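Here the structure is laid out as C-alpha cells; the discussion comes afterwards.
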Amino acid sequence: MRLWRIPAFGIDKLELIEAPQPKPGAGEVLVKVRAVSLNYRDLMVTLGHYNPKMSLPRVPVSDGAGEVVAIGEGVTTVKTGQRVAAIFMQNWLDGAPTAQKQKRALGGDVDGMLSEYVVLHENGVVPVPDHLTWEEGATLPCAGVTAWNAVVNAGRVKAGDVVVIQGTGGVSIFALQFAKALGARVLGTSSSDEKLHRAEKFGLDAGVNYKHTSDWAKWVLDKTNGEGADLVVEVGGAGTFTPSLKAVRIGGTVAQIGVLSQTSEAVNVVPILHKQVHVQGIYVGSRAHFLEMNRAIEQMKLKPIVDEVFSFDQAPEALRRMESATHFGKLVIRVA
C-alpha cells in the first residue's frame, strides 16, 4: 500500500512511500481509506508549528472516511463492508474530556489517515451517514464535530439567536449550516466579498469584509441593535479574541477554537467580567458527540461543503492550497 509521511518538517519534505498493508488485531478494524479532508492543524503539523518535538516520521491528517475490509478477533460493533469515519481523538469516547482521553489524536500523537489502509480500534470509528459521499464523509471528524460542539453544546443555539462566524473555512461553514438548521440568524466576517456572497447561498444573513470594515465588532453591534451576538464562533485566535468579546452580548458565549491570528497586544479580560461572557474552549469532541452530530446530519440531510478534491498524489498541493487560505469550506484528498 501507499502512504504519505513526514520524515522532516515542511510540505516539500513530504514523501510518498510503499509500506506493508497492516492487519487488524483483537478489537481492531482494517479500513480502506477512500478520502481524507484537511484541517489547518494538518498544515501546522506538517510545518512543525503544531508540535516541534513530535516524533518523526509521522503519517499526517486526522480526518478520513473509508470502508471496513477486515475485522480482528472480538470485534462486535463494526462489520465488514461498513462505511466509517475515524474519530479525531481515539481515546475520547464519551463524557467530559481528560488528559488521558485527549491522547492519541490522529495525525499528531499517532499516525493519521493519509494512507491507503489504516488499522483503528473498533471504538475509534463511527458510521458515515448514508446520503454522504466518501469526500463529504471525510470532512466530519474535526471540523464538523468542532462546529457542532460550538453551536449546540457550548452555544446552546436556538431559534432566533444571533451567531457570528469568522471566515469561510471548514469549521465556520459547518457552524453556519448547523446554526441555520436550528433557526438562528448568522452574521459572518471575511476578507473576501466573493466568499461572503457565496456564503449567502448557504444561509448567511449578512456579511462584512473586515479588510474594508476593520471594526467588525461594531458592525455586529449595529446589526443587533446594540445587543451583540448570542454566540461568536471564534476561529481567529488572539488577533480576533478582543473584537469577539466586544461583539458578544452580555451573558453570551465565545466558543474559542482557532489559533489563526496573533497579536502583540495584551488581551483585556475586563469585558469577560463586565459582560459575564462564557468563554468555552472547543477541542473537537468525543465519539458520543460525533454520533450525536451524525444523527442530526441524517435527519437534516445536511451536505458538507467541499471546495476542491485533490488526487492522492497531489497531497502536497492540497496542503499548499490550505496554506494559501483561499478555500471555501473543505479541501479533500481522494485516496482510493
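Residue numbers start at 1 in each chain; chains themselves are named A, B, ... in the order of the C-alpha cells; ligands are numbered from 1 in the order shown.
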Contacts between stretch 42-63 of chain A and stretch 134-161 of chain A, please, where a residue of stretch 134-161 of chain A counts if it comes within 7 Å (with only C-alpha atoms); show its shortest atom pair and distance in Å to one decimal, rows by chain and ascending number, as a tab-separated table.
residue	atom	partner	partner_atom	distance
A:Ala138	CA	A:Asp63	CA	5.9
A:Thr139	CA	A:Asp63	CA	6.6
A:Pro141	CA	A:Asp63	CA	5.6
A:Cys142	CA	A:Asp63	CA	6.5
Shell around stretch 274-282 of chain A at 10 Å using only C-alpha atoms, local window under 3 positions removed, as an MDAnalysis selection string
chainID A and resid 145:150 153:155 230:234 245:246 248:258 269:271 285
For the selection just defined, write its residues with C-alpha atoms to a file, as a short mmCIF file (atom, residue, chain, number, x, y, z; two decimals), in the first residue's frame.
data_model
loop_
_atom_site.label_atom_id
_atom_site.label_comp_id
_atom_site.auth_asym_id
_atom_site.auth_seq_id
_atom_site.Cartn_x
_atom_site.Cartn_y
_atom_site.Cartn_z
CA VAL A 145 -17.65 17.85 15.38
CA THR A 146 -15.90 21.08 16.42
CA ALA A 147 -18.63 23.23 14.91
CA TRP A 148 -21.34 21.01 16.39
CA ASN A 149 -19.83 21.36 19.86
CA ALA A 150 -19.53 25.13 19.46
CA ASN A 153 -23.20 22.19 23.26
CA ALA A 154 -21.33 25.41 24.08
CA GLY A 155 -23.64 27.94 22.43
CA ASP A 230 -25.52 35.21 21.43
CA LEU A 231 -22.57 33.17 20.16
CA VAL A 232 -19.30 34.02 18.46
CA VAL A 233 -17.57 31.05 16.84
CA GLU A 234 -14.04 32.30 17.44
CA LEU A 245 -15.61 39.96 23.32
CA LYS A 246 -16.89 43.30 22.04
CA VAL A 248 -20.88 39.16 22.03
CA ARG A 249 -23.91 40.14 24.13
CA ILE A 250 -23.99 40.32 27.91
CA GLY A 251 -24.17 36.71 29.12
CA GLY A 252 -23.32 35.41 25.65
CA THR A 253 -20.78 32.79 24.64
CA VAL A 254 -17.45 32.92 22.82
CA ALA A 255 -16.54 29.44 21.58
CA GLN A 256 -12.74 29.63 21.35
CA ILE A 257 -11.46 27.29 18.64
CA GLY A 258 -8.77 28.70 16.40
CA VAL A 269 -10.13 40.36 30.32
CA VAL A 270 -12.31 43.11 31.81
CA PRO A 271 -15.11 42.64 29.21
CA GLY A 285 -15.19 16.42 20.77
#
Spatial neighbours of A:Val78, max dist 12 Å, only C-alpha atoms, sep filter under 2 positions, as a PyMOL selection string
chain A and resi 27-31+67-76+80-85+120-127
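Of the residues under consideration (A:Ala325, A:Glu136, A:Ile333, A:Val151), A:Ile333 shows the shortest atom-to-atom contact distance to A:Phe310 when counting only C-alpha atoms.
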Within stretch 134-303 of chain A, find each residue whose DSSP state, derived from the backbone, is strand (DSSP E or B), and express the selection as an NGL selection string.
:A and (162-166 or 169 or 185-190 or 206-209 or 229-234 or 237 or 248-256 or 261 or 278-281)
List the spatial neighbours of A:Lys301 as a list in words - criterion: any atom at most 12 Å away, only C-alpha atoms, same-chain residues fewer than 6 positions off excluded.
Pro129, Asp130, His131, Leu132, Gln177, Phe178, Ala181, Met293, Asn294 and Arg295 of chain A
